[in-house]
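Text of model.txt (compact mmCIF, C-alpha atoms and all ligand atoms) as supplied:
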```
# COMPACT_ATOMS: atom_id res chain seq x y z
CA MET A 1 5.50 -18.25 -8.58
CA LEU A 2 4.72 -15.05 -6.72
CA VAL A 3 3.53 -11.89 -8.48
CA LEU A 4 3.41 -8.44 -6.86
CA ALA A 5 0.51 -6.56 -8.45
CA SER A 6 1.96 -3.10 -7.83
CA ALA A 7 3.90 -0.24 -9.37
CA SER A 8 5.06 0.95 -5.95
CA PRO A 9 8.84 0.78 -5.39
CA ARG A 10 8.15 0.70 -1.62
CA ARG A 11 6.03 -2.45 -1.91
CA LYS A 12 8.72 -4.12 -4.05
CA GLU A 13 11.38 -3.30 -1.47
CA LEU A 14 9.23 -4.48 1.43
CA LEU A 15 8.20 -7.76 -0.25
CA SER A 16 11.85 -8.50 -1.00
CA LEU A 17 12.41 -8.63 2.78
CA LEU A 18 10.12 -11.70 2.87
CA VAL A 19 10.78 -13.54 -0.40
CA ARG A 20 13.80 -13.61 -2.63
CA GLU A 21 12.11 -14.14 -5.99
CA PHE A 22 8.96 -12.61 -7.36
CA GLU A 23 7.67 -10.93 -10.49
CA VAL A 24 6.12 -7.46 -10.65
CA LEU A 25 2.95 -6.89 -12.64
CA PRO A 26 1.30 -3.51 -11.90
CA ALA A 27 -2.48 -3.42 -12.22
CA ASP A 28 -4.41 -0.41 -13.48
CA ILE A 29 -7.77 -0.02 -11.82
CA ASP A 30 -10.30 2.74 -11.22
CA GLU A 31 -9.43 4.06 -7.74
CA THR A 32 -12.57 6.18 -7.24
CA PRO A 33 -14.30 5.45 -3.92
CA TRP A 34 -18.01 4.58 -4.10
CA VAL A 35 -20.42 7.14 -2.65
CA GLN A 36 -20.45 6.69 1.16
CA GLU A 37 -18.06 3.74 0.96
CA SER A 38 -16.32 3.11 4.27
CA PRO A 39 -12.52 3.56 4.22
CA GLN A 40 -12.03 -0.08 5.23
CA ASN A 41 -14.28 -1.38 2.49
CA TYR A 42 -12.51 0.91 0.01
CA VAL A 43 -8.95 -0.24 0.77
CA LEU A 44 -9.99 -3.91 0.85
CA ARG A 45 -11.83 -3.54 -2.45
CA MET A 46 -8.84 -1.77 -4.04
CA ALA A 47 -6.38 -4.53 -3.07
CA GLU A 48 -8.76 -7.24 -4.32
CA GLU A 49 -9.34 -5.39 -7.59
CA LYS A 50 -5.57 -4.97 -8.12
CA ALA A 51 -5.04 -8.72 -7.56
CA ILE A 52 -7.90 -9.62 -9.91
CA ALA A 53 -6.69 -7.20 -12.62
CA ALA A 54 -3.14 -8.58 -12.45
CA ALA A 55 -4.45 -12.16 -12.65
CA ALA A 56 -6.52 -11.23 -15.73
CA LYS A 57 -3.52 -9.85 -17.60
CA PHE A 58 -1.07 -12.48 -16.32
CA PRO A 59 -1.50 -15.04 -19.19
CA SER A 60 -0.73 -12.44 -21.87
CA VAL A 61 2.46 -11.33 -20.10
CA PHE A 62 3.87 -14.60 -18.70
CA HIS A 63 3.58 -17.68 -20.85
CA THR A 64 3.80 -20.26 -18.08
CA PRO A 65 1.72 -23.48 -18.24
CA PRO A 66 -1.82 -22.88 -16.89
CA GLN A 67 -1.44 -25.53 -14.16
CA SER A 68 1.54 -23.78 -12.54
CA SER A 69 0.67 -22.24 -9.19
CA VAL A 70 0.73 -18.46 -9.24
CA ILE A 71 -0.01 -16.25 -6.24
CA PHE A 72 -0.76 -12.55 -6.53
CA VAL A 73 0.00 -10.01 -3.79
CA ALA A 74 -1.74 -6.62 -3.87
CA SER A 75 -2.13 -3.79 -1.40
CA ASP A 76 -3.67 -0.37 -1.03
CA THR A 77 -2.76 2.43 1.38
CA SER A 78 -5.07 5.31 2.25
CA VAL A 79 -4.83 8.00 4.88
CA VAL A 80 -8.09 8.48 6.76
CA VAL A 81 -9.11 11.56 8.71
CA ASP A 82 -12.70 12.27 9.84
CA GLN A 83 -13.83 9.33 7.65
CA GLN A 84 -12.35 11.13 4.61
CA ILE A 85 -10.16 8.99 2.36
CA LEU A 86 -6.97 10.76 1.27
CA GLY A 87 -5.18 9.28 -1.71
CA LYS A 88 -2.20 10.64 -3.65
CA PRO A 89 -2.17 14.42 -4.29
CA ALA A 90 -2.50 15.59 -7.91
CA ASN A 91 -0.89 18.99 -7.22
CA LEU A 92 0.35 21.38 -4.53
CA ASP A 93 -3.18 22.58 -3.72
CA GLU A 94 -4.32 19.05 -2.96
CA ALA A 95 -1.20 18.35 -0.90
CA LYS A 96 -1.83 21.59 1.04
CA CYS A 97 -5.43 20.57 1.79
CA MET A 98 -4.32 17.14 2.96
CA LEU A 99 -1.39 18.24 5.13
CA ARG A 100 -3.44 21.07 6.69
CA LEU A 101 -6.05 18.46 7.60
CA LEU A 102 -3.39 16.24 9.18
CA SER A 103 -1.55 19.07 10.99
CA GLY A 104 -1.52 18.91 14.82
CA ARG A 105 -3.70 15.85 15.25
CA GLU A 106 -4.12 12.13 14.85
CA HIS A 107 -5.10 10.29 11.66
CA ARG A 108 -5.26 6.67 10.59
CA VAL A 109 -3.37 4.92 7.83
CA MET A 110 -5.27 1.95 6.43
CA THR A 111 -3.36 -0.55 4.37
CA SER A 112 -5.07 -3.59 2.89
CA LEU A 113 -3.41 -6.73 1.68
CA CYS A 114 -4.82 -9.35 -0.67
CA LEU A 115 -3.26 -12.66 -1.65
CA MET A 116 -4.99 -14.64 -4.36
CA ASN A 117 -4.26 -17.62 -6.61
CA LEU A 118 -4.64 -17.43 -10.40
CA SER A 119 -8.18 -18.84 -10.51
CA GLY A 120 -9.33 -16.55 -7.68
CA GLU A 121 -10.65 -19.59 -5.74
CA HIS A 122 -8.27 -18.97 -2.87
CA LEU A 123 -8.35 -15.33 -1.76
CA VAL A 124 -7.31 -13.99 1.64
CA SER A 125 -7.39 -10.30 2.50
CA THR A 126 -6.95 -8.15 5.55
CA CYS A 127 -6.85 -4.49 6.54
CA VAL A 128 -4.25 -3.03 8.90
CA ASP A 129 -5.14 0.15 10.74
CA THR A 130 -2.37 2.37 12.19
CA LYS A 131 -2.72 5.59 14.19
CA VAL A 132 -0.29 8.40 13.39
CA ARG A 133 -0.10 11.74 15.22
CA PHE A 134 1.40 14.80 13.48
CA ARG A 135 2.79 17.92 15.09
CA ALA A 136 1.47 21.22 13.75
CA ILE A 137 2.79 22.00 10.27
CA SER A 138 2.96 25.53 8.80
CA ASP A 139 2.02 26.44 5.21
CA LEU A 140 5.64 27.37 4.54
CA GLU A 141 6.75 23.89 5.63
CA ILE A 142 4.09 22.32 3.40
CA GLU A 143 5.37 24.28 0.39
CA GLN A 144 9.00 23.39 1.16
CA TYR A 145 8.03 19.75 1.65
CA TRP A 146 6.16 19.70 -1.68
CA ARG A 147 9.26 21.07 -3.42
CA SER A 148 11.33 18.16 -2.04
CA GLY A 149 9.30 15.94 -4.39
CA GLU A 150 8.47 13.46 -1.64
CA PRO A 151 4.69 13.95 -1.20
CA GLN A 152 3.79 13.51 -4.88
CA ASP A 153 3.15 9.76 -5.06
CA LYS A 154 2.23 9.14 -1.43
CA ALA A 155 -1.20 8.69 0.12
CA GLY A 156 -1.96 11.66 2.38
CA SER A 157 0.96 13.58 0.79
CA TYR A 158 3.69 12.32 3.12
CA ALA A 159 6.19 9.51 3.55
CA ILE A 160 6.89 8.27 7.07
CA GLN A 161 10.03 6.56 5.75
CA GLY A 162 11.34 9.86 4.37
CA HIS A 163 11.52 13.47 5.46
CA GLY A 164 7.82 13.21 6.42
CA ALA A 165 9.06 11.54 9.61
CA VAL A 166 9.78 15.03 11.02
CA PHE A 167 5.99 15.55 11.29
CA VAL A 168 5.35 12.25 13.10
CA GLU A 169 5.02 12.78 16.85
CA SER A 170 3.89 9.20 17.48
CA MET A 171 2.68 6.08 15.74
CA GLN A 172 0.68 3.15 17.04
CA GLY A 173 0.44 0.13 14.79
CA SER A 174 2.43 -1.22 11.87
CA TYR A 175 5.29 0.85 10.39
CA SER A 176 5.61 -1.38 7.31
CA ALA A 177 1.86 -1.01 6.69
CA VAL A 178 2.19 2.79 6.66
CA VAL A 179 5.07 2.52 4.17
CA GLY A 180 2.87 0.32 1.96
CA LEU A 181 2.98 -3.41 2.80
CA PRO A 182 2.20 -4.90 6.24
CA LEU A 183 5.03 -7.40 6.66
CA PHE A 184 3.74 -9.28 9.71
CA GLU A 185 0.37 -9.97 8.09
CA CYS A 186 1.95 -10.65 4.69
CA ALA A 187 4.28 -13.32 6.15
CA GLN A 188 1.34 -14.96 7.93
CA ILE A 189 -0.86 -15.06 4.83
CA LEU A 190 2.02 -16.21 2.60
CA SER A 191 2.43 -19.21 4.91
CA GLN A 192 -1.26 -20.06 4.37
CA PHE A 193 -0.34 -20.27 0.69
CA GLY A 194 2.62 -22.56 1.46
CA ILE A 195 5.31 -19.87 1.21
CA HIS A 196 7.40 -19.63 4.38
CA SER A 197 9.36 -16.39 4.40
CA LEU A 198 12.18 -17.44 6.75
CA GLU A 199 12.77 -20.61 4.71
CA GLU A 200 12.78 -18.50 1.53
CA MET A 201 15.35 -16.08 2.92
CA SER A 202 17.63 -18.82 4.31
CA HIS A 203 18.07 -20.48 0.90
CA GLU A 204 21.40 -19.82 -0.78
C1 LIG B 301 1.32 7.22 4.17
C2 LIG B 301 2.41 6.73 3.26
C3 LIG B 301 2.14 6.26 1.99
N1 LIG B 301 3.14 5.83 1.16
C4 LIG B 301 2.88 5.33 -0.20
C5 LIG B 301 2.64 3.82 -0.29
C6 LIG B 301 1.96 3.67 -1.62
O1 LIG B 301 2.95 3.49 -2.64
C7 LIG B 301 1.25 5.02 -1.81
C8 LIG B 301 -0.25 4.87 -1.71
O2 LIG B 301 -0.79 4.64 -2.96
P1 LIG B 301 -1.47 3.27 -3.42
O3 LIG B 301 -2.58 3.63 -4.37
O4 LIG B 301 -1.80 2.39 -2.25
O5 LIG B 301 -0.30 2.52 -4.23
P2 LIG B 301 0.51 2.95 -5.52
O6 LIG B 301 -0.37 3.63 -6.52
O7 LIG B 301 1.75 3.67 -5.08
O8 LIG B 301 0.96 1.53 -6.08
P3 LIG B 301 0.04 0.28 -6.59
O9 LIG B 301 -1.41 0.69 -6.56
O10 LIG B 301 0.53 0.00 -7.99
O11 LIG B 301 0.36 -0.84 -5.63
O12 LIG B 301 1.70 5.89 -0.75
C9 LIG B 301 4.47 5.86 1.59
O13 LIG B 301 5.38 5.48 0.83
N2 LIG B 301 4.75 6.31 2.86
C10 LIG B 301 3.79 6.77 3.72
O14 LIG B 301 4.11 7.18 4.85
```
Take the structure in the file and give it back as structure tokens.
Ligand SMILES: Cc1cn([C@H]2C[C@H](O)[C@@H](COP(=O)(O)OP(=O)(O)OP(=O)(O)O)O2)c(=O)[nH]c1=O
Amino acid sequence: MLVLASASPRRKELLSLLVREFEVLPADIDETPWVQESPQNYVLRMAEEKAIAAAAKFPSVFHTPPQSSVIFVASDTSVVVDQQILGKPANLDEAKCMLRLLSGREHRVMTSLCLMNLSGEHLVSTCVDTKVRFRAISDLEIEQYWRSGEPQDKAGSYAIQGHGAVFVESMQGSYSAVVGLPLFECAQILSQFGIHSLEEMSHE
């Protein structure tokens, strides 16, 4: 049994490209970075904490026998510019600050991935780093973009898979990781847990 520890509709959609059947169990964790925590450490820690939190609440939600094998998948996406970690904007002012920072230059999108079994004995995690370059964006465009509703629940206040693509001059790395779940790495780690994505998708 596979469990996606996420409330993100993007992650659900992306995981369904690899496996046909899985449950969704969002995990609530404190997403505050530690003082001077590196972005890589932060995203890796977030994914691991989401997997651990979902595993802790799993028995009260699903009443499967304890011996059944359950694997949790969790991820975290942060936009990083000048070592600053940009999460999801709380309001227009925050989105403005973020998009002004990203305007006319390159930033990195770091997405972590953690797969873990129910006991936590088997845990594999990785961090995927992608470079994205934005064209210059005006304040008027930022305000119009905010009103589209797209930036609200996205790290760095944009969605590369949406209208945010008009800002993206170039990208070097993993597109699926920027959207929220690195599919290449996820398929590789799933196979370490005995789940082979192509076999899964070829079953009737
Ligand atoms: C940069 C970028 C981020 N995002 C999204 C992916 C994530 O859903 C979100 C980053 O926030 P996260 O905190 O990583 O994830 P989440 O709160 O949406 O979901 P959960 O913690 O329950 O798994 O930003 C895009 O959809 N497109 C983009 O281009």
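Of the listed residues A:Leu14, A:Leu118, A:Cys97, A:Val109, the one whose atoms come nearest to Phe58 (chain A) is A:Leu118, with distances taken using all atoms listed in the file.
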May I have a table of the residues of region 51-162 of chain A lying at most 10 Å from region 176-200 of chain A, giving each one's closest pair of atoms and their distance in Å to one decimal, counting all atoms listed in the file, ordered by chain and ascending residue number, as a tab-separated table?
```
residue	atom	partner	partner_atom	distance
A:Ile71	CA	A:Phe193	CA	8.0
A:Val73	CA	A:Cys186	CA	8.7
A:Ala74	CA	A:Leu181	CA	8.8
A:Ser75	CA	A:Leu181	CA	6.6
A:Asp76	CA	A:Gly180	CA	7.2
A:Thr77	CA	A:Gly180	CA	6.0
A:Ser78	CA	A:Val178	CA	8.9
A:Val79	CA	A:Val178	CA	8.9
A:Arg108	CA	A:Val178	CA	9.3
A:Val109	CA	A:Val178	CA	6.1
A:Met110	CA	A:Val178	CA	7.5
A:Thr111	CA	A:Ala177	CA	5.7
A:Ser112	CA	A:Leu181	CA	8.1
A:Leu113	CA	A:Leu181	CA	7.3
A:Cys114	CA	A:Cys186	CA	8.7
A:Leu115	CA	A:Ile189	CA	7.3
A:Met116	CA	A:Phe193	CA	8.9
A:Asn117	CA	A:Phe193	CA	8.7
A:His122	CA	A:Phe193	CA	8.8
A:Leu123	CA	A:Phe193	CA	9.7
A:Val124	CA	A:Ile189	CA	7.3
A:Ser125	CA	A:Ile189	CA	8.4
A:Thr126	CA	A:Glu185	CA	8.0
A:Cys127	CA	A:Pro182	CA	9.1
A:Val128	CA	A:Ala177	CA	6.8
A:Asp129	CA	A:Ala177	CA	8.2
A:Thr130	CA	A:Val178	CA	7.2
A:Lys131	CA	A:Val178	CA	9.4
A:Val132	CA	A:Val178	CA	9.1
A:Lys154	CA	A:Val179	CA	9.1
A:Ala155	CA	A:Val178	CA	9.4
A:Tyr158	CA	A:Val179	CA	10.0
A:Ala159	CA	A:Val179	CA	7.1
A:Ile160	CA	A:Val179	CA	6.7
A:Gln161	CA	A:Val179	CA	6.6
A:Gly162	CA	A:Val179	CA	9.7
```
Hey, can you check how far CA of His163 (chain A) sits from atom O14 of ligand LIG 301 (chain B)?
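Atom-to-atom, CA of His163 (chain A) and atom O14 of ligand LIG 301 (chain B) are spaced 9.7 Å apart.
If you measure from each of A:Val19, A:Leu140, A:Ala165, A:Ala55 to ligand LIG 301 (chain B) using only C-alpha atoms and all ligand atoms, the closest one turns out to be A:Ala165.
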Please provide as an mmCIF file with C-alpha atoms, in the coordinates of the input all residues within 8 Å of Ala90 (chain A), with the sequence filter that same-chain residues fewer than 3 positions apart are discarded (counting only C-alpha atoms).
```cif
data_model
loop_
_atom_site.group_PDB
_atom_site.id
_atom_site.type_symbol
_atom_site.label_atom_id
_atom_site.label_comp_id
_atom_site.auth_asym_id
_atom_site.auth_seq_id
_atom_site.Cartn_x
_atom_site.Cartn_y
_atom_site.Cartn_z
ATOM 1 C CA GLU A 94 -4.320 19.050 -2.960
ATOM 2 C CA ALA A 95 -1.200 18.350 -0.900
ATOM 3 C CA GLN A 152 3.790 13.510 -4.880
#
```
Can you tell me which residues surround Pro33 (chain A) at a distance of at most 10 Å, considering all atoms listed in the file, apart from same-chain residues fewer than 2 positions away, and format the answer as a list of chain:residue names?
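Residues near the query, excluding close chain neighbours: A:Asp30, A:Glu31, A:Val35, A:Gln36, A:Glu37, A:Ser38, A:Pro39, A:Asn41, A:Tyr42, A:Val43, A:Arg45, A:Met46, A:Ile85.
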Around all of region 64-83 of chain A's listed atoms, make the axis-aligned box with 8 Å on each side and tell me centre and edge lengths in Å to one decimal, as AutoDock Vina command-line options.
```
--center_x -5.0 --center_y -6.6 --center_z -4.2 --size_x 33.6 --size_y 53.8 --size_z 44.1
```
Using only C-alpha atoms and all ligand atoms, pick whichever of A:Ser157, A:Ser148, A:Ser119, A:Gln84 has the shortest atom-to-atom distance to ligand LIG 301 (chain B).
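Ranked by minimum distance to ligand LIG 301 (chain B), first place goes to A:Ser157.
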A:His63, A:Lys96, A:Lys88, A:Arg147 ranked by distance to ligand LIG 301 (chain B), top pick (using only C-alpha atoms and all ligand atoms):
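When distances to ligand LIG 301 (chain B) are compared using only C-alpha atoms and all ligand atoms, the smallest one comes from A:Lys88.
Going from CA of Leu92 (chain A) over to CA of Val168 (chain A), you cover 20.5 Å.
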Considering all atoms listed in the file, can you say which of A:Leu101, A:Leu15, A:Ala47, A:Met1 comes closest to ligand LIG 301 (chain B)?
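Comparing A:Leu101, A:Leu15, A:Ala47, A:Met1 against ligand LIG 301 (chain B), the winner is A:Ala47.
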Report, in Å with one decimal, the straight-line distance from atom O13 of ligand LIG 301 (chain B) to CA of Glu49 (chain A).
20.1 Å
Taking all atoms listed in the file into account, name the residue in A:Met201, A:Ala27, A:Ile52, A:Leu102 that is nearest to ligand LIG 301 (chain B).
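Among the listed residues, the smallest separation from ligand LIG 301 (chain B) belongs to A:Ala27.
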Excluding Ala54 (chain A) and its own-chain neighbours fewer than 3 positions away, which residues fall within 10 Å of it when counting all atoms listed in the file? Please give them as a PyMOL selection string.
chain A and resi 3-6+24-29+48-51+57-59+61+72-74+118
Store the residues of this selection in a file with C-alpha atoms, as a PDB file, in the coordinates of the input.
```
ATOM      1  CA  VAL A   3       3.530 -11.890  -8.480  1.00  0.00           C
ATOM      2  CA  LEU A   4       3.410  -8.440  -6.860  1.00  0.00           C
ATOM      3  CA  ALA A   5       0.510  -6.560  -8.450  1.00  0.00           C
ATOM      4  CA  SER A   6       1.960  -3.100  -7.830  1.00  0.00           C
ATOM      5  CA  VAL A  24       6.120  -7.460 -10.650  1.00  0.00           C
ATOM      6  CA  LEU A  25       2.950  -6.890 -12.640  1.00  0.00           C
ATOM      7  CA  PRO A  26       1.300  -3.510 -11.900  1.00  0.00           C
ATOM      8  CA  ALA A  27      -2.480  -3.420 -12.220  1.00  0.00           C
ATOM      9  CA  ASP A  28      -4.410  -0.410 -13.480  1.00  0.00           C
ATOM     10  CA  ILE A  29      -7.770  -0.020 -11.820  1.00  0.00           C
ATOM     11  CA  GLU A  48      -8.760  -7.240  -4.320  1.00  0.00           C
ATOM     12  CA  GLU A  49      -9.340  -5.390  -7.590  1.00  0.00           C
ATOM     13  CA  LYS A  50      -5.570  -4.970  -8.120  1.00  0.00           C
ATOM     14  CA  ALA A  51      -5.040  -8.720  -7.560  1.00  0.00           C
ATOM     15  CA  LYS A  57      -3.520  -9.850 -17.600  1.00  0.00           C
ATOM     16  CA  PHE A  58      -1.070 -12.480 -16.320  1.00  0.00           C
ATOM     17  CA  PRO A  59      -1.500 -15.040 -19.190  1.00  0.00           C
ATOM     18  CA  VAL A  61       2.460 -11.330 -20.100  1.00  0.00           C
ATOM     19  CA  PHE A  72      -0.760 -12.550  -6.530  1.00  0.00           C
ATOM     20  CA  VAL A  73       0.000 -10.010  -3.790  1.00  0.00           C
ATOM     21  CA  ALA A  74      -1.740  -6.620  -3.870  1.00  0.00           C
ATOM     22  CA  LEU A 118      -4.640 -17.430 -10.400  1.00  0.00           C
TER      23      LEU A 118
END
```
